[in-house]
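Visitor: One structure, pasted below without further comment.
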Amino acid sequence: MSEQAVRWRDRMAVPHVGGRARAAAGVAALAGLSLPLTAPVAAAEEPPAATVQCEITDPTLTELSGLVVGADGSMLAINDGGDEVAVYALDPACQTTNVHRAAVDPYDPEDLAVGPDGTVWLADTGDNNAIRETVALIALRPDGSTGVYRLAYPDGPRDAEALLLAPDGTPYVVTKEVFGASDVYRPVAALEENGTVGLVEVASVELTLTGTPGGPVGRAGQLLVTGGAVAADGHALALRTYTDAYVWPLAGSDVAAALAGTPLRIALPESPQGEAVSFSADGSALVVASEGLPSAVTVVPLPAAPAPAGATGAPDGSLTDVLTDSDDGVSPVAAGLVAAIVATVVVWILGRILRRGSPPRV
């Protein structure tokens with residue numbers, strides 16, 4: 001880990017958990033509306049200087065949705081959707097070096113992570129139409145075998161695009177919510193291959209409008225969780241939206257406890273549809289990318305220490321502020337709410353078009 005990352009971790013007063021080469025092993029192997037207006041968030045004192053590492057130009061990798069960086073800078077990546085499991089191996093220059101395929105027809109893969117034993121896990125959790133009775137985690141093991149593990153929400157179908165894999169291998173699924181209040185679920189028991197295990201809600205994450213530009217749905221993109229990652233050494237975890245990243249210190253494998261704390265918010269460089277996020281190999285930076293070609297793989301350094309909580313510039317007030325006019329005639333929160341509703345309709349319509357005539361798969 002770099003000195004910068006160590007300083008940031010130590011100032012957050014979190015024990016360091018070392019000795020976990022999770023990403024390295026995997027790459028090597030292969031009506032009661034409540035708007036979250038005042039979620040506690042810390043912001044970096046100065047925007048970190050982001051740099052473009054390389055650009056993905058592979059014409060078969062147009063819908064990049066998940067990314068993991070290995071110890072040597074190589075990467076694993078997946079497309080959103082598709083009719084087969086395909087994990088792309090990329091070198092540090094973003095050139096495709098291999099494609100690992102498996103004879104599984106997924107429904108809508110959205111994220112990926114690497115377990116402590118080197119197993120690559122795909123989160124087949126996308127559900128724009130909220131019609132799936134179960135979602136799935138798909139395992140590509142180091143020995144070349146594949147497993148499908150189905151999961152069921154306790155409260156009906158949910159759309160989710162973020163997977164957090166704790167250092168002990170426990171998976172956490174984070175939903176994508178148009179009003180910014182995402183729920184976090186984990187399995188109630190050990191996963192069962194070719195079986196179904198229930199999920200239980202263990203945490204929630206409330207995001208606010210940030211003003212950061214980017215994404216395909218306007219201000220609503222500031223609230224929608226599109227990807228997640230856990231640092232290879234287990235010291236931190238991150239969630240991203242289309243526009244921003246949020247980083248929490250992590251002690252051990254208690255993801256739920258970590259998410260109850262105050263995150264560090266980092267505005268990400270503007271991109272057309274940013275969904276992929278990973279920590280760098282040494283944990284000192286985030287690595288992000290977007291759907292579309294060319295897709296810039298961008299390194300965003302983590303600041304040495306967070307600024308005081310509340311320095312986000314996000315709206316501050318109660319639910320009544322939604323109805324308060326700004327100088328432009330409409331409050332920022334109200335504008336964001338309208339954008340969120342419009343985004344929901346757009347996503348629903350696109351989902352229906354893309355899935356029309358296709359039976360549910362995994």
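We label chains A, B, ... in the order they appear in the structure tokens, count residues from 1 in each chain, and number ligands from 1 in the order shown.
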Considering only C-alpha atoms, return as a PyMOL selection string whatever protein or nucleic-acid residues lie within 7 Å of Glu201 (chain A), sequence-local ones (same chain, fewer than 2 positions apart) excluded.

Guide: chain A and resi 183-186+199+203

Visitor: Got a sec: who's within 7 Å of region 285-297 of chain A, counting only C-alpha atoms, leaving out chain neighbours fewer than 6 positions off, as a list of chain:residue names?

Guide: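 Near region 285-297 of chain A, the qualifying residues are A:Val52, A:Gln53, A:Cys54, A:Glu55, A:Ile56, A:Thr57, A:Thr62, A:Glu63, A:Leu64, A:Ser65, A:Ser271, A:Pro272, A:Gln273, A:Gly274, A:Glu275, A:Ala276, A:Val277, A:Ser278, A:Phe279.
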
Visitor: When you count only C-alpha atoms, which of these residues is closest to Tyr149 (chain A): A:Ala113, A:Ala181, A:Thr196, A:Asn129?

Guide: A:Thr196

Visitor: Which is closer to Ala256 (chain A) than all the others in A:Gly156, A:Gly126, A:Gly147, A:Pro171, using only C-alpha atoms?

Guide: A:Pro171

Visitor: Have a look at A:Glu192, A:Asp91, A:Asp105, A:Glu206 and name the one nearest to Thr175 (chain A); count only C-alpha atoms.

Guide: A:Glu206

Visitor: Taking only C-alpha atoms into account, which of A:Ala89, A:Leu268, A:Leu209, A:Leu164 comes nearest Gly234 (chain A)?

Guide: A:Leu164

Visitor: From the DSSP assignment of the backbone, select every residue of region 248-317 of chain A that is strand (DSSP E or B), and format the answer as number ranges by chain.

Guide: A: 248-249, 264-267, 274-279, 285-290, 295-301, 309

Visitor: Restrict the selected residues to N, CA and C atoms and save them as a PDB file, in the first residue's frame.

Guide:
ATOM      1  N   TRP A 248     -15.579   3.861   2.312  1.00  0.00           N
ATOM      2  CA  TRP A 248     -15.679   3.634   3.747  1.00  0.00           C
ATOM      3  C   TRP A 248     -14.482   2.817   4.212  1.00  0.00           C
ATOM      4  N   PRO A 249     -13.893   3.096   5.383  1.00  0.00           N
ATOM      5  CA  PRO A 249     -12.890   2.193   5.955  1.00  0.00           C
ATOM      6  C   PRO A 249     -13.561   0.898   6.396  1.00  0.00           C
ATOM      7  N   LEU A 264     -16.249   8.812   2.641  1.00  0.00           N
ATOM      8  CA  LEU A 264     -15.561   9.880   1.932  1.00  0.00           C
ATOM      9  C   LEU A 264     -16.121   9.931   0.518  1.00  0.00           C
ATOM     10  N   ARG A 265     -16.638  11.084   0.104  1.00  0.00           N
ATOM     11  CA  ARG A 265     -17.173  11.217  -1.263  1.00  0.00           C
ATOM     12  C   ARG A 265     -16.115  11.805  -2.182  1.00  0.00           C
ATOM     13  N   ILE A 266     -15.987  11.215  -3.366  1.00  0.00           N
ATOM     14  CA  ILE A 266     -15.045  11.698  -4.371  1.00  0.00           C
ATOM     15  C   ILE A 266     -15.799  11.897  -5.674  1.00  0.00           C
ATOM     16  N   ALA A 267     -15.797  13.109  -6.199  1.00  0.00           N
ATOM     17  CA  ALA A 267     -16.410  13.377  -7.499  1.00  0.00           C
ATOM     18  C   ALA A 267     -15.567  12.724  -8.579  1.00  0.00           C
ATOM     19  N   GLY A 274     -20.877   5.601 -16.354  1.00  0.00           N
ATOM     20  CA  GLY A 274     -19.895   4.976 -15.477  1.00  0.00           C
ATOM     21  C   GLY A 274     -20.507   3.957 -14.531  1.00  0.00           C
ATOM     22  N   GLU A 275     -20.092   2.686 -14.674  1.00  0.00           N
ATOM     23  CA  GLU A 275     -20.609   1.620 -13.807  1.00  0.00           C
ATOM     24  C   GLU A 275     -19.506   0.801 -13.157  1.00  0.00           C
ATOM     25  N   ALA A 276     -18.314   0.802 -13.716  1.00  0.00           N
ATOM     26  CA  ALA A 276     -17.243  -0.053 -13.222  1.00  0.00           C
ATOM     27  C   ALA A 276     -16.371   0.687 -12.215  1.00  0.00           C
ATOM     28  N   VAL A 277     -16.009  -0.010 -11.119  1.00  0.00           N
ATOM     29  CA  VAL A 277     -15.110   0.569 -10.123  1.00  0.00           C
ATOM     30  C   VAL A 277     -14.301  -0.542  -9.479  1.00  0.00           C
ATOM     31  N   SER A 278     -13.037  -0.263  -9.231  1.00  0.00           N
ATOM     32  CA  SER A 278     -12.149  -1.174  -8.524  1.00  0.00           C
ATOM     33  C   SER A 278     -11.171  -0.322  -7.725  1.00  0.00           C
ATOM     34  N   PHE A 279     -10.579  -0.905  -6.708  1.00  0.00           N
ATOM     35  CA  PHE A 279      -9.423  -0.282  -6.082  1.00  0.00           C
ATOM     36  C   PHE A 279      -8.191  -0.629  -6.902  1.00  0.00           C
ATOM     37  N   ALA A 285      -5.840   4.178  -4.697  1.00  0.00           N
ATOM     38  CA  ALA A 285      -6.661   4.889  -5.679  1.00  0.00           C
ATOM     39  C   ALA A 285      -7.848   4.032  -6.069  1.00  0.00           C
ATOM     40  N   LEU A 286      -8.839   4.682  -6.673  1.00  0.00           N
ATOM     41  CA  LEU A 286      -9.920   3.975  -7.334  1.00  0.00           C
ATOM     42  C   LEU A 286      -9.630   3.941  -8.826  1.00  0.00           C
ATOM     43  N   VAL A 287     -10.080   2.885  -9.478  1.00  0.00           N
ATOM     44  CA  VAL A 287      -9.957   2.756 -10.930  1.00  0.00           C
ATOM     45  C   VAL A 287     -11.367   2.621 -11.478  1.00  0.00           C
ATOM     46  N   VAL A 288     -11.769   3.535 -12.359  1.00  0.00           N
ATOM     47  CA  VAL A 288     -13.146   3.573 -12.836  1.00  0.00           C
ATOM     48  C   VAL A 288     -13.173   3.563 -14.358  1.00  0.00           C
ATOM     49  N   ALA A 289     -14.316   3.117 -14.899  1.00  0.00           N
ATOM     50  CA  ALA A 289     -14.501   3.086 -16.348  1.00  0.00           C
ATOM     51  C   ALA A 289     -15.986   3.120 -16.658  1.00  0.00           C
ATOM     52  N   SER A 290     -16.311   3.320 -17.941  1.00  0.00           N
ATOM     53  CA  SER A 290     -17.687   3.543 -18.363  1.00  0.00           C
ATOM     54  C   SER A 290     -18.060   2.619 -19.506  1.00  0.00           C
ATOM     55  N   SER A 295     -13.532   3.471 -23.933  1.00  0.00           N
ATOM     56  CA  SER A 295     -13.821   3.645 -22.505  1.00  0.00           C
ATOM     57  C   SER A 295     -12.520   3.937 -21.774  1.00  0.00           C
ATOM     58  N   ALA A 296     -12.432   5.107 -21.191  1.00  0.00           N
ATOM     59  CA  ALA A 296     -11.217   5.502 -20.487  1.00  0.00           C
ATOM     60  C   ALA A 296     -11.151   4.812 -19.128  1.00  0.00           C
ATOM     61  N   VAL A 297     -10.089   4.071 -18.893  1.00  0.00           N
ATOM     62  CA  VAL A 297      -9.815   3.515 -17.567  1.00  0.00           C
ATOM     63  C   VAL A 297      -9.050   4.582 -16.798  1.00  0.00           C
ATOM     64  N   THR A 298      -9.711   5.134 -15.795  1.00  0.00           N
ATOM     65  CA  THR A 298      -9.205   6.324 -15.119  1.00  0.00           C
ATOM     66  C   THR A 298      -8.828   6.003 -13.680  1.00  0.00           C
ATOM     67  N   VAL A 299      -7.648   6.449 -13.274  1.00  0.00           N
ATOM     68  CA  VAL A 299      -7.159   6.245 -11.914  1.00  0.00           C
ATOM     69  C   VAL A 299      -7.432   7.514 -11.108  1.00  0.00           C
ATOM     70  N   VAL A 300      -8.178   7.351 -10.009  1.00  0.00           N
ATOM     71  CA  VAL A 300      -8.558   8.479  -9.165  1.00  0.00           C
ATOM     72  C   VAL A 300      -7.918   8.280  -7.793  1.00  0.00           C
ATOM     73  N   PRO A 301      -6.836   8.990  -7.481  1.00  0.00           N
ATOM     74  CA  PRO A 301      -6.163   8.787  -6.191  1.00  0.00           C
ATOM     75  C   PRO A 301      -7.070   9.132  -5.016  1.00  0.00           C
ATOM     76  N   ALA A 309     -17.105  16.217   8.024  1.00  0.00           N
ATOM     77  CA  ALA A 309     -18.405  15.799   7.500  1.00  0.00           C
ATOM     78  C   ALA A 309     -19.264  17.005   7.215  1.00  0.00           C
TER      79      ALA A 309
END

Visitor: So, with only C-alpha atoms as the atoms that count, which of A:Asp83, A:Asp244, A:Glu110, A:Glu177 lies closest to Thr210 (chain A)?

Guide: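 Ranked by minimum distance to Thr210 (chain A), first place goes to A:Asp244.
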
Visitor: Expressed in Å to a single decimal, how great is the separation between CA of Thr96 (chain A) and CA of Gly115 (chain A)?

Guide: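 Taking CA of Thr96 (chain A) and CA of Gly115 (chain A), their separation equals 22.3 Å.
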
Visitor: A:Arg150, A:Val255, A:Leu223, A:Pro109: which is nearest Asn128 (chain A), counting only C-alpha atoms?

Guide: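 Comparing A:Arg150, A:Val255, A:Leu223, A:Pro109 against Asn128 (chain A), the winner is A:Pro109.
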
Visitor: What does the distance from CA of Ala102 (chain A) to CA of Arg240 (chain A) come to in Å, to one decimal?

Guide: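 Value for the CA of Ala102 (chain A)-CA of Arg240 (chain A) distance: 27.7 Å.
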
Visitor: Once DSSP has gone over the backbone, tell me which residues of region 92-282 of chain A are in alpha helix (DSSP H), as a PyMOL selection string.

Guide: chain A and resi 255-259

Visitor: Residues at most 7 Å from Thr243 (chain A), counting only C-alpha atoms, excluding those fewer than 3 positions away in the same chain, as a PyMOL selection string?

Guide: chain A and resi 212-215+221-222+267-268+270

Visitor: Can you write out the residues you just picked, keeping C-alpha atoms, as a short mmCIF file (atom, residue, chain, number, x, y, z; two decimals), in the first residue's frame?

Guide:
data_model
loop_
_atom_site.label_atom_id
_atom_site.label_comp_id
_atom_site.auth_asym_id
_atom_site.auth_seq_id
_atom_site.Cartn_x
_atom_site.Cartn_y
_atom_site.Cartn_z
CA THR A 212 -21.38 16.29 -10.08
CA PRO A 213 -22.07 15.99 -13.82
CA GLY A 214 -22.13 12.74 -15.76
CA GLY A 215 -24.17 9.72 -16.68
CA GLY A 221 -27.40 9.63 -11.86
CA GLN A 222 -25.99 11.18 -8.70
CA ALA A 267 -16.41 13.38 -7.50
CA LEU A 268 -15.49 11.23 -10.49
CA GLU A 270 -17.52 12.94 -16.17
#
